[in-house]
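Q: To be precise about what I am sending: the file is called protein.txt and holds compact mmCIF, C-alpha atoms.
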# COMPACT_ATOMS: atom_id res chain seq x y z
CA MET A 140 -3.74 -20.25 -8.47
CA ALA A 141 -2.49 -19.61 -12.00
CA SER A 142 1.18 -18.87 -12.54
CA TYR A 143 2.25 -15.24 -12.49
CA SER A 144 2.27 -13.40 -15.80
CA PHE A 145 3.32 -9.78 -16.19
CA THR A 146 1.44 -9.48 -19.48
CA ARG A 147 -1.74 -11.05 -18.10
CA SER A 148 -1.66 -8.75 -15.07
CA TRP A 149 -2.13 -5.86 -17.51
CA GLN A 150 -4.45 -7.56 -19.97
CA ASN A 151 -6.92 -8.54 -17.24
CA LEU A 152 -7.57 -4.89 -16.41
CA PRO A 153 -9.76 -2.40 -18.31
CA VAL A 154 -8.08 0.52 -20.03
CA ALA A 155 -9.05 2.97 -17.25
CA ALA A 156 -7.39 0.79 -14.62
CA ARG A 157 -4.25 0.43 -16.75
CA ILE A 158 -3.93 4.20 -17.04
CA ILE A 159 -4.32 4.66 -13.28
CA ARG A 160 -1.91 1.80 -12.56
CA LEU A 161 0.75 3.17 -14.92
CA PHE A 162 0.48 6.69 -13.51
CA LEU A 163 0.63 5.62 -9.86
CA GLY A 164 3.44 3.12 -10.39
CA VAL A 165 5.65 5.57 -12.26
CA THR A 166 4.85 8.40 -9.83
CA PHE A 167 5.76 6.39 -6.73
CA ILE A 168 9.02 5.22 -8.29
CA TYR A 169 9.78 8.84 -9.17
CA GLY A 170 8.91 9.85 -5.60
CA GLY A 171 11.38 7.31 -4.22
CA TRP A 172 14.04 8.38 -6.72
CA ASN A 173 13.51 12.06 -5.89
CA LYS A 174 14.15 11.36 -2.20
CA ALA A 175 17.03 8.94 -2.82
CA THR A 176 18.87 11.53 -4.95
CA ASP A 177 18.20 14.40 -2.54
CA PRO A 178 21.41 14.82 -0.49
CA GLY A 179 19.48 16.67 2.22
CA PHE A 180 16.60 14.23 2.76
CA LEU A 181 18.62 12.10 5.19
CA ASN A 182 20.99 14.84 6.32
CA PRO A 183 20.05 16.31 9.75
CA LYS A 184 21.85 19.54 8.87
CA SER A 185 19.78 20.15 5.74
CA PRO A 186 16.57 22.23 5.55
CA SER A 187 14.98 19.40 3.52
CA TYR A 188 15.82 16.77 6.17
CA ILE A 189 12.93 14.37 6.80
CA GLY A 190 13.18 15.12 10.51
CA ALA A 191 12.63 18.84 9.88
CA GLN A 192 9.61 17.99 7.74
CA ILE A 193 8.11 15.75 10.41
CA SER A 194 8.73 18.39 13.10
CA SER A 195 6.93 21.00 11.03
CA TYR A 196 3.75 18.86 11.09
CA LEU A 197 3.61 18.42 14.87
CA GLU A 198 1.57 21.56 15.54
CA THR A 199 -1.04 20.97 12.85
CA SER A 200 -1.37 17.25 12.14
CA PRO A 201 -4.21 15.25 13.75
CA ILE A 202 -1.76 12.36 14.12
CA SER A 203 0.96 14.40 15.86
CA PHE A 204 0.94 11.86 18.71
CA LEU A 205 2.34 9.34 16.23
CA LEU A 206 4.78 11.77 14.65
CA GLU A 207 6.35 12.61 18.00
CA ASN A 208 7.77 9.09 18.16
CA MET A 209 9.20 9.43 14.66
CA VAL A 210 11.22 12.60 15.19
CA ASP A 211 13.94 10.89 17.25
CA ASN A 212 14.26 8.18 14.60
CA ALA A 213 13.70 10.41 11.58
CA THR A 214 16.61 9.06 9.53
CA ALA A 215 15.34 5.49 9.87
CA VAL A 216 11.85 6.71 8.95
CA GLY A 217 13.34 8.43 5.90
CA TRP A 218 15.00 5.22 4.72
CA MET A 219 11.73 3.34 5.23
CA ILE A 220 9.79 5.93 3.21
CA ILE A 221 12.20 5.74 0.27
CA LEU A 222 12.21 1.94 0.23
CA THR A 223 8.42 1.76 0.58
CA GLU A 224 7.77 4.17 -2.29
CA PHE A 225 10.11 2.23 -4.56
CA ALA A 226 8.57 -1.10 -3.53
CA ILE A 227 5.00 0.08 -4.08
CA GLY A 228 5.88 1.58 -7.46
CA ILE A 229 7.76 -1.50 -8.65
CA ALA A 230 5.06 -3.90 -7.38
CA THR A 231 2.36 -1.82 -9.05
CA LEU A 232 4.03 -1.85 -12.45
CA SER A 233 5.09 -5.50 -12.28
CA GLY A 234 1.75 -6.76 -10.96
CA ILE A 235 3.39 -8.58 -8.05
CA ALA A 236 1.13 -8.35 -4.97
CA LEU A 237 -0.76 -5.64 -6.89
CA GLN A 238 -3.74 -5.45 -4.54
CA LEU A 239 -1.49 -5.22 -1.50
CA ALA A 240 0.59 -2.53 -3.24
CA SER A 241 -2.61 -0.57 -3.94
CA LEU A 242 -3.54 -0.65 -0.26
CA GLY A 243 0.00 0.40 0.62
CA GLY A 244 -0.22 3.35 -1.75
CA PHE A 245 -3.57 4.28 -0.26
CA PHE A 246 -2.11 4.19 3.27
CA ILE A 247 0.89 6.33 2.27
CA SER A 248 -1.36 8.90 0.59
CA ILE A 249 -3.71 9.11 3.57
CA THR A 250 -0.72 9.56 5.89
CA LEU A 251 0.61 12.39 3.73
CA TRP A 252 -2.83 14.00 3.74
CA LEU A 253 -2.94 13.87 7.54
CA THR A 254 0.49 15.50 7.75
CA ALA A 255 1.87 17.37 4.76
CA THR A 256 -1.39 18.67 3.26
CA TRP A 257 -3.75 18.58 6.25
CA THR A 258 -3.81 22.39 6.46
CA VAL A 259 -4.31 22.98 2.74
CA ARG A 260 -7.60 24.79 2.14
CA PRO A 261 -9.69 24.13 0.19
CA TYR A 262 -8.86 20.44 0.34
CA PHE A 263 -8.80 19.91 -3.43
CA LEU A 264 -5.65 22.02 -3.71
CA GLY A 265 -3.75 19.23 -1.96
CA SER A 266 -2.77 16.28 -4.14
CA ASP A 267 -2.68 13.57 -1.46
CA THR A 268 -6.45 13.09 -1.24
CA ALA A 269 -6.56 12.62 -5.02
CA TYR A 270 -3.79 10.00 -4.84
CA ALA A 271 -5.64 8.20 -2.04
CA ILE A 272 -8.78 8.00 -4.18
CA LEU A 273 -6.82 6.77 -7.20
CA TRP A 274 -5.15 4.02 -5.15
CA LEU A 275 -8.49 2.98 -3.68
CA ALA A 276 -10.09 2.94 -7.14
CA LEU A 277 -7.23 0.82 -8.49
CA PHE A 278 -7.63 -1.64 -5.62
CA PHE A 279 -11.33 -2.19 -6.32
CA LEU A 280 -10.80 -2.31 -10.09
CA VAL A 281 -8.23 -5.05 -9.60
CA ARG A 282 -10.52 -6.89 -7.17
CA GLN A 283 -13.43 -6.65 -9.57
CA ASN A 284 -11.45 -7.97 -12.52
CA THR A 285 -9.78 -10.81 -10.64
CA LYS A 286 -12.93 -11.99 -8.89
CA GLY A 287 -13.71 -15.50 -9.96
CA ARG A 288 -10.37 -15.82 -11.74
CA SER A 289 -7.29 -17.67 -10.60
CA VAL A 290 -5.00 -14.64 -10.58
CA VAL A 291 -3.32 -12.51 -7.89
CA ALA A 292 -4.70 -12.84 -4.37
CA LEU A 293 -4.90 -10.03 -1.84
CA ILE A 294 -2.29 -11.62 0.41
CA PRO A 295 0.54 -13.40 -1.42
CA ASP A 296 0.80 -17.11 -0.72
CA LEU A 297 4.06 -17.36 1.22
CA ARG A 298 3.89 -21.15 0.97
CA ASP A 299 4.57 -20.81 -2.73
CA ARG A 300 8.34 -20.61 -3.26
CA ARG A 301 7.93 -18.75 -6.56
CA GLU A 302 5.67 -16.16 -4.92
CA VAL A 303 8.22 -15.61 -2.17
CA MET A 304 10.98 -15.19 -4.76
CA ARG A 305 8.91 -12.61 -6.65
CA ILE A 306 8.34 -10.60 -3.48
CA PHE A 307 12.03 -10.90 -2.66
CA GLY A 308 12.75 -9.61 -6.16
CA VAL A 309 10.63 -6.50 -5.55
CA ALA A 310 12.44 -5.90 -2.25
CA ALA A 311 15.86 -6.39 -3.84
CA ALA A 312 15.00 -4.07 -6.73
CA SER A 313 13.85 -1.42 -4.25
CA VAL A 314 17.07 -1.63 -2.24
CA ALA A 315 19.12 -1.48 -5.44
CA ALA A 316 17.18 1.58 -6.64
CA VAL A 317 17.85 3.37 -3.35
CA PHE A 318 21.59 2.82 -3.52
CA VAL A 319 21.77 3.75 -7.19
CA GLY A 320 19.92 6.96 -6.39
CA ARG A 321 22.29 7.71 -3.51
CA ARG A 322 25.21 7.40 -5.91
CA PHE A 323 23.73 10.02 -8.23
CA PRO A 324 22.74 12.88 -5.91
CA ALA A 325 20.89 15.76 -7.47
CA SER A 326 23.01 18.85 -7.19
CA ASN A 327 23.22 22.45 -8.24
CA PRO A 328 26.45 24.29 -8.89
CA THR A 329 27.67 25.48 -5.48
CA PRO A 330 30.15 28.21 -4.64
CA GLU A 331 33.47 27.49 -2.99
CA ALA A 332 33.83 28.51 0.64
CA GLY A 333 34.33 32.23 0.78
CA ALA A 334 33.41 32.72 -2.87
CA ALA A 335 31.79 36.04 -3.60
CA ILE A 336 28.02 36.14 -3.90
CA ILE A 337 28.01 39.71 -5.17
CA LYS A 338 30.08 42.87 -4.89
CA VAL A 339 29.00 45.25 -2.13
CA ALA A 340 28.96 48.14 -4.62
CA ASP A 341 26.44 46.25 -6.76
CA PHE A 342 24.16 45.47 -3.83
CA PRO A 343 22.84 48.68 -2.23
CA ILE A 344 20.78 48.82 0.96
CA GLY A 345 17.27 47.52 0.35
CA SER A 346 18.38 44.96 -2.23
CA THR A 347 17.68 41.22 -2.38
CA LYS A 348 19.35 38.51 -4.42
CA GLU A 349 18.78 34.81 -4.95
CA PHE A 350 21.87 32.60 -4.79
CA THR A 351 22.93 29.00 -4.18
CA ALA A 352 24.36 28.00 -0.79
CA PHE A 353 27.31 25.64 -0.28
CA ASP A 354 25.08 22.55 -0.03
CA GLY A 355 23.11 23.38 -3.16
CA THR A 356 20.20 24.89 -1.25
CA PRO A 357 18.52 27.86 -2.96
CA ALA A 358 18.84 30.94 -0.76
CA VAL A 359 18.03 34.63 -0.72
CA LEU A 360 20.32 37.46 0.36
CA PHE A 361 19.19 40.74 1.96
CA ARG A 362 20.94 44.00 2.73
CA THR A 363 19.48 46.54 5.16
CA LYS A 364 20.93 49.33 7.27
CA ALA A 365 21.65 46.69 9.90
CA GLY A 366 23.88 44.72 7.53
CA VAL A 367 23.64 41.65 5.29
CA PHE A 368 21.81 38.41 6.06
CA ALA A 369 20.43 35.44 4.18
CA TYR A 370 18.01 32.53 4.55
CA SER A 371 17.36 29.22 2.86
CA SER A 372 14.57 29.51 0.30
CA VAL A 373 13.35 25.98 1.08
CA CYS A 374 9.99 26.17 2.85
CA THR A 375 10.03 24.28 6.16
CA HIS A 376 6.56 22.90 5.46
CA GLN A 377 6.97 20.71 2.39
CA GLY A 378 10.15 21.82 0.67
CA CYS A 379 8.80 24.23 -1.94
CA THR A 380 10.90 27.27 -2.86
CA VAL A 381 9.69 30.51 -1.30
CA ASN A 382 9.57 33.79 -3.22
CA TYR A 383 10.27 37.29 -1.94
CA ASP A 384 7.31 39.65 -2.01
CA ALA A 385 8.86 43.13 -2.03
CA THR A 386 5.49 44.85 -1.60
CA ASN A 387 4.79 43.19 1.74
CA ASN A 388 8.43 42.46 2.60
CA LEU A 389 7.69 38.77 3.13
CA LEU A 390 9.03 35.46 1.93
CA ILE A 391 5.98 33.53 0.70
CA CYS A 392 5.66 29.86 -0.26
CA PRO A 393 3.64 29.47 -3.49
CA CYS A 394 2.55 25.93 -2.58
CA HIS A 395 0.61 26.37 0.67
CA ASN A 396 1.03 30.10 1.41
CA ALA A 397 3.41 29.87 4.36
CA GLN A 398 4.75 33.38 5.05
CA PHE A 399 8.05 34.32 6.71
CA ASP A 400 9.34 37.67 7.98
CA PRO A 401 12.92 38.26 6.75
CA THR A 402 13.38 41.16 9.16
CA ASN A 403 12.67 38.91 12.16
CA ASP A 404 14.93 35.87 11.60
CA ALA A 405 12.55 34.55 8.92
CA SER A 406 10.02 33.64 11.61
CA VAL A 407 6.63 32.32 10.54
CA ILE A 408 3.88 34.90 10.06
CA SER A 409 1.22 32.49 8.86
CA GLY A 410 0.79 29.15 7.19
CA PRO A 411 1.00 25.42 7.92
CA THR A 412 4.54 25.42 9.39
CA LYS A 413 5.84 26.69 12.72
CA ILE A 414 9.53 26.50 11.82
CA ALA A 415 11.44 29.56 10.62
CA LEU A 416 13.57 29.42 7.49
CA PRO A 417 17.17 28.32 8.26
CA LYS A 418 19.76 31.09 8.31
CA ILE A 419 22.63 31.15 5.83
CA LYS A 420 25.78 32.77 7.23
CA VAL A 421 27.03 35.63 5.07
CA ALA A 422 29.35 38.57 5.65
CA VAL A 423 31.02 41.50 3.94
CA LEU A 424 34.60 40.58 3.12
CA GLY A 425 36.55 43.33 1.39
CA ILE A 426 34.59 44.42 -1.65
CA ASN A 427 32.41 41.33 -1.70
CA ILE A 428 29.54 39.72 0.18
CA VAL A 429 30.41 36.08 0.79
CA GLN A 430 28.95 33.01 2.45
CA ILE A 431 30.95 31.90 5.46
Represent the supplied structure as structure tokens.
A:
Amino acid sequence: MASYSFTRSWQNLPVAARIIRLFLGVTFIYGGWNKATDPGFLNPKSPSYIGAQISSYLETSPISFLLENMVDNATAVGWMIILTEFAIGIATLSGIALQLASLGGFFISITLWLTATWTVRPYFLGSDTAYAILWLALFFLVRQNTKGRSVVALIPDLRDRREVMRIFGVAAASVAAVFVGRRFPASNPTPEAGAAIIKVADFPIGSTKEFTAFDGTPAVLFRTKAGVFAYSSVCTHQGCTVNYDATNNLLICPCHNAQFDPTNDASVISGPTKIALPKIKVAVLGINIVQI
């Protein structure tokens, strides 16, 4: 087996394969970073918690029997997902265990298709099937261009100390990326406890208003004859931000068309999720409407 070369790992591939490899590598690193910097992804109290996402797939996913075992260990699963996405992205760009990384990316994409985008119709509106095809294409392009050459094997040779060190380097870089991301959480300006959302006089009955909750979650405020109430705007299916449709009096997710009824505790009317939008506690305090 020839010694590892970052440059050669790129030069040995045709231009089309390089483009696919660059896109997938960068995208998976970005995916890991996005989760690592999301304060709610590993927080059981957050609407974007990985456990809430897994639970929302139980009623629709064909692999729900596997997901059931993950719910109780959702935080550990979340850590594994972040680390795996970083590792696959880094391995893909560096060319270390590239074929194995391609198969890993394919497996992740197929799993996401069977859970997060299984209910998306027509299928081509969901991105996970496209990612799966791209990973599979990259795998065969790498196999085709390394066939007959002394380059990267499908399974790394763990008897080779240098190969083991390279794999260890990918793992170490992935762990480091996770902890760097956790130190730089993405955040939105959040109000102080009890801070006014809006004055009552400026918010007549029948009004709605978007605001930011204490934890940075986008939310929407309502006022009816029954009083004031609010919900998280984070869809319980895949974390997109729902919009209020005043014509139909519904909160609708633009990603996969989940619909929620704000007059009935934001319960699900239709769509791929079965979980209502989380409530945000608000109240009238003096002349203001505040989050409590």
Q: Using all atoms listed in the file, can you tell me which of A:Val281, A:Leu206, A:Leu232, A:Leu273 comes closest to A:Asn151?
A: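 That would be A:Val281, the residue with the smallest distance to A:Asn151.
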Q: Just checking: using all atoms listed in the file, which residue out of A:Val421, A:Arg321, A:Ala230, A:Ser266 ends up closest to A:Phe350?
A: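 Answer, going by the shortest atom-to-atom distance: A:Val421.
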Q: Within 12 Å of A:Val216, counting all atoms listed in the file, which residues show up once you throw out same-chain ones fewer than 2 positions away? Write them as a list in words, please.
A: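 Close residues of A:Val216: Phe180, Leu181, Tyr188, Ile189, Gly190, Gln192, Ile193, Leu206, Asn208, Met209, Val210, Asp211, Asn212, Ala213, Thr214, Trp218, Met219, Ile220, Ile221, Leu222 and Thr223 of chain A.
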Q: Interatomic distance between atom CA of A:Thr356 and atom CA of A:Gln430?
A: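 Atom CA of A:Gln430 lies at a distance of 12.5 Å from atom CA of A:Thr356.
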Q: Once 8 Å is added on each side, what are the centre and the three edge lengths, in Å to one decimal, of the axis-aligned box enclosing the listed atoms of stretch 417-429 of chain A? Present them as JSON.
A:
{"center_x": 26.9, "center_y": 36.4, "center_z": 3.3, "size_x": 35.4, "size_y": 32.1, "size_z": 26.0}
Q: Which neighbours of stretch 342-344 of chain A fall inside 7 Å, counting only C-alpha atoms, when residues of the same chain fewer than 2 positions from it are skipped, and could you give them as an MDAnalysis selection string?
A: chainID A and resid 338:340 346 362:364
Q: Which residue gives the smallest distance to A:Pro178 among A:Ala155, A:Ala422, A:Ala325, A:Cys394, with only C-alpha atoms counted?
A: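 Distance minimum relative to A:Pro178 lands on A:Ala325.
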Q: One decimal, Å: what's the distance from atom CA of A:Ile431 over to atom CA of A:Ala334, could you say?
A: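 These atoms are spaced 8.7 Å apart.
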Q: Quick one: residues within 9 Å of A:His395, all atoms listed in the file, excluding same-chain residues fewer than 5 positions away - as an MDAnalysis selection string?
A: chainID A and resid 256 258:260 264:265 376:377 379 410:411
Q: When distances are computed from all atoms listed in the file, which of A:Leu360, A:Ile235, A:Val367, A:Val154 shows the smallest separation from A:Arg301?
A: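 Closest to A:Arg301 of all the choices is A:Ile235.
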Q: So which residues fall inside 12 Å of (21.9, 32.6, 4.7) if we count only C-alpha atoms? Mind giving them as a compact mmCIF listing (two decimals) with C-alpha atoms, in the frame of the given file?
A:
# COMPACT_ATOMS: atom_id res chain seq x y z
CA PRO A 186 16.57 22.23 5.55
CA ILE A 336 28.02 36.14 -3.90
CA THR A 347 17.68 41.22 -2.38
CA LYS A 348 19.35 38.51 -4.42
CA GLU A 349 18.78 34.81 -4.95
CA PHE A 350 21.87 32.60 -4.79
CA THR A 351 22.93 29.00 -4.18
CA ALA A 352 24.36 28.00 -0.79
CA PHE A 353 27.31 25.64 -0.28
CA ASP A 354 25.08 22.55 -0.03
CA THR A 356 20.20 24.89 -1.25
CA PRO A 357 18.52 27.86 -2.96
CA ALA A 358 18.84 30.94 -0.76
CA VAL A 359 18.03 34.63 -0.72
CA LEU A 360 20.32 37.46 0.36
CA PHE A 361 19.19 40.74 1.96
CA ARG A 362 20.94 44.00 2.73
CA VAL A 367 23.64 41.65 5.29
CA PHE A 368 21.81 38.41 6.06
CA ALA A 369 20.43 35.44 4.18
CA TYR A 370 18.01 32.53 4.55
CA SER A 371 17.36 29.22 2.86
CA SER A 372 14.57 29.51 0.30
CA VAL A 373 13.35 25.98 1.08
CA PRO A 401 12.92 38.26 6.75
CA ASP A 404 14.93 35.87 11.60
CA ALA A 405 12.55 34.55 8.92
CA LEU A 416 13.57 29.42 7.49
CA PRO A 417 17.17 28.32 8.26
CA LYS A 418 19.76 31.09 8.31
CA ILE A 419 22.63 31.15 5.83
CA LYS A 420 25.78 32.77 7.23
CA VAL A 421 27.03 35.63 5.07
CA ALA A 422 29.35 38.57 5.65
CA ILE A 428 29.54 39.72 0.18
CA VAL A 429 30.41 36.08 0.79
CA GLN A 430 28.95 33.01 2.45
CA ILE A 431 30.95 31.90 5.46
Q: Rounded to one decimal, what separation in Å do you get between atom CA of A:Thr268 and atom CA of A:Ala156?
A: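 Atom CA of A:Thr268 sits 18.2 Å away from atom CA of A:Ala156.
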Q: Could you check the closest approach to A:Ile202 for each of A:Arg305, A:Arg282, A:Ala240, A:Trp252 and tell me which residue wins, using all atoms listed in the file?
A: A:Trp252
Q: Would you kindly identify which residues have an atom no farther than 8 Å from (-3.2, 11.3, 1.0), using all atoms listed in the file and the file's own coordinates, and write them out as a list in words?
A: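 Checking each residue against the 8 Å limit leaves Phe245, Phe246, Ile247, Ser248, Ile249, Thr250, Leu251, Trp252, Leu253, Thr256, Ser266, Asp267, Thr268, Ala269, Tyr270 and Ala271 of chain A.
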Q: Pick from A:Tyr169, A:Phe323, A:Trp149, A:Tyr143: nearest to A:Glu224, with only C-alpha atoms counted?
A: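 Of all the options, A:Tyr169 lies closest to A:Glu224.
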Q: Mind checking which residues fall within 7 Å of A:Phe225, counting only C-alpha atoms, ignoring those fewer than 3 positions away in the same chain, and posting them as a list in words?
A: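 In the requested form, the answer reads Phe167, Ile168, Gly171, Ile221, Leu222, Gly228, Ile229 and Ser313 of chain A.
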